[in-house]
Amino acid sequence: MAPADPLPWHALHAAQARDAQARVPFHIADGARTLEVGSVARAHLPALARWTDELRLDAAGVTLRVDSTARERFFDACNRELRAQGLIVAWRDETYPVLAQATRELLATFERAASRFWGTITFGAHCNGYVADANGRPTHLWIARRSYTKPTDPGLLDNLIGGGVPHGQSPAEAVLREGWEEAGLLPAQMGGLATGSELRVARDIPEGFQLEWVSVYDLELPDTVVPANQDGEVAELMKMPVADALALAATDQMTVDAGLVTLDFALRHGLLPADTHGALEAALAPLRLGRAGPPTFNVFESSRQQC
């Protein structure tokens, strides 16, 4: 019989689960520089072989070598063809940045769904909604269940608020926007938004590769406030005792991103048993990049300061 997992928190392991040999680097040639921006699955290289003028495929990986003025035209045409082949899924009609990994400079923009195919950096923003006692200690967490029709992680548990950060928006601005869409909260009700950590996820997923910086926020809500979903992307919202919510967050019943975000919340608020707190703190530490940014913090300035 296999020994019990000393750190039974599913998201900790899943957030780093990847096969380093299954993907090759993706670069963009920028003048005299060649900048790494992501990665491409080896299995998908034949699908890119048709773009011989724009892409170089060799032992170093894949390199886009068109002029900067032509990058977005290339990505638009290429990504639509890859979508037609079923290699890019869950098209959103949302714009995401394409950033150099080392310098975080903006090189292009493209469709959100394409980021997983190309393995480029993305940004997410999540918020732990909670109720506290008179001493400020959290007693309940609001947990969402994702719609069963969502293209990714249908039916899994999630944080009260969570979503991707589009090009031109900061993580905190994304949380404020999603606060209404996912929980029916007005900006005035989110004035107490507090920053948590910024977490790094780097894992293989069915859509490709998720390389994401997730900004964590906390929001204490009065016991009288009952969040209500507005956009149809949440099947239900549940106010759970902290212990029950954490027990679920440790399992694969919650999305990987939300599991990490909930763990970060639990550690910062001292909600876990003493015999596991230290080990879980040490396990999460390598995934923490620093603090999430305040509402005026720019996502690209934030990312330049991170590793």
# chains A, B, ... in the order shown; residues from 1 in each chain; ligands from 1

$ residues_around --residues "range 72-74 of chain A" --least-positions-apart "3" --cutoff "9 Å" --atoms "only C-alpha atoms" --output "number ranges by chain"
A: 54, 66, 68-69, 77-79, 108-110

$ select_by_dssp --residues "range 29-149 of chain A" --states "alpha helix (DSSP H)" --output "short mmCIF file (atom, residue, chain, number, x, y, z; two decimals) with N, CA, C and O atoms, in the first residue's frame"
data_model
loop_
_atom_site.label_atom_id
_atom_site.label_comp_id
_atom_site.auth_asym_id
_atom_site.auth_seq_id
_atom_site.Cartn_x
_atom_site.Cartn_y
_atom_site.Cartn_z
N LEU A 45 3.65 20.45 -33.80
CA LEU A 45 4.59 21.04 -34.76
C LEU A 45 4.18 20.80 -36.21
O LEU A 45 4.30 21.71 -37.04
N PRO A 46 3.67 19.61 -36.58
CA PRO A 46 3.25 19.43 -37.98
C PRO A 46 2.17 20.41 -38.41
O PRO A 46 2.11 20.79 -39.58
N ALA A 47 1.32 20.83 -37.46
CA ALA A 47 0.25 21.77 -37.81
C ALA A 47 0.80 23.15 -38.14
O ALA A 47 0.12 23.95 -38.80
N LEU A 48 2.03 23.45 -37.70
CA LEU A 48 2.64 24.75 -37.96
C LEU A 48 3.55 24.76 -39.18
O LEU A 48 4.02 25.81 -39.60
N ARG A 71 2.88 40.88 -36.85
CA ARG A 71 2.67 39.79 -35.89
C ARG A 71 1.19 39.51 -35.63
O ARG A 71 0.76 38.36 -35.61
N GLU A 72 0.44 40.56 -35.42
CA GLU A 72 -0.95 40.33 -35.06
C GLU A 72 -1.75 39.80 -36.24
O GLU A 72 -2.66 38.98 -36.05
N ARG A 73 -1.41 40.21 -37.46
CA ARG A 73 -2.06 39.62 -38.64
C ARG A 73 -1.74 38.14 -38.74
O ARG A 73 -2.60 37.32 -39.05
N PHE A 74 -0.46 37.79 -38.46
CA PHE A 74 -0.10 36.38 -38.49
C PHE A 74 -0.89 35.60 -37.45
O PHE A 74 -1.47 34.55 -37.75
N PHE A 75 -0.88 36.09 -36.21
CA PHE A 75 -1.56 35.36 -35.14
C PHE A 75 -3.05 35.22 -35.44
O PHE A 75 -3.64 34.16 -35.18
N ASP A 76 -3.67 36.23 -35.98
CA ASP A 76 -5.09 36.15 -36.28
C ASP A 76 -5.36 35.05 -37.30
O ASP A 76 -6.24 34.20 -37.10
N ALA A 77 -4.60 35.03 -38.38
CA ALA A 77 -4.82 34.02 -39.42
C ALA A 77 -4.45 32.63 -38.93
O ALA A 77 -5.19 31.66 -39.14
N CYS A 78 -3.30 32.52 -38.26
CA CYS A 78 -2.82 31.22 -37.80
C CYS A 78 -3.76 30.65 -36.73
O CYS A 78 -4.14 29.47 -36.78
N ASN A 79 -4.14 31.47 -35.77
CA ASN A 79 -4.99 30.98 -34.69
C ASN A 79 -6.36 30.55 -35.18
O ASN A 79 -6.94 29.58 -34.67
N ARG A 80 -6.89 31.24 -36.17
CA ARG A 80 -8.18 30.83 -36.71
C ARG A 80 -8.08 29.49 -37.44
O ARG A 80 -9.00 28.66 -37.37
N GLU A 81 -6.96 29.27 -38.12
CA GLU A 81 -6.76 27.97 -38.76
C GLU A 81 -6.59 26.87 -37.73
O GLU A 81 -7.14 25.78 -37.87
N LEU A 82 -5.82 27.16 -36.66
CA LEU A 82 -5.64 26.17 -35.60
C LEU A 82 -6.97 25.88 -34.90
O LEU A 82 -7.23 24.74 -34.50
N ARG A 83 -7.79 26.90 -34.78
CA ARG A 83 -9.13 26.69 -34.21
C ARG A 83 -9.95 25.76 -35.10
O ARG A 83 -10.63 24.86 -34.60
N ALA A 84 -9.87 25.96 -36.41
CA ALA A 84 -10.62 25.13 -37.34
C ALA A 84 -10.17 23.67 -37.26
O ALA A 84 -10.97 22.75 -37.49
N ALA A 114 -5.91 31.28 -27.52
CA ALA A 114 -4.66 30.86 -28.15
C ALA A 114 -3.50 30.78 -27.18
O ALA A 114 -2.49 30.12 -27.46
N SER A 115 -3.62 31.42 -26.04
CA SER A 115 -2.50 31.45 -25.09
C SER A 115 -2.10 30.06 -24.62
O SER A 115 -0.93 29.80 -24.35
N ARG A 116 -3.06 29.16 -24.52
CA ARG A 116 -2.73 27.81 -24.06
C ARG A 116 -2.00 27.01 -25.14
O ARG A 116 -1.12 26.21 -24.84
N PHE A 117 -2.37 27.22 -26.41
CA PHE A 117 -1.66 26.53 -27.49
C PHE A 117 -0.20 26.98 -27.53
O PHE A 117 0.72 26.16 -27.64
N TRP A 118 0.03 28.30 -27.43
CA TRP A 118 1.38 28.86 -27.54
C TRP A 118 2.12 28.87 -26.20
O TRP A 118 3.31 29.21 -26.17
#

$ closest_residue --among "A:Trp180, A:Gly293, A:Leu107, A:Gln210" --to "Pro227 in chain A" --atoms "only C-alpha atoms"
A:Trp180

$ atom_distance --atom1 "CA of Pro97 in chain A" --atom2 "CA of Glu212 in chain A"
12.2 Å

$ atom_distance --atom1 "CA of Thr224 in chain A" --atom2 "CA of Ile161 in chain A"
18.2 Å

$ closest_residue --among "A:Ala188, A:Ala183, A:Leu260, A:Ile143" --to "Asn229 in chain A" --atoms "only C-alpha atoms"
A:Ala183
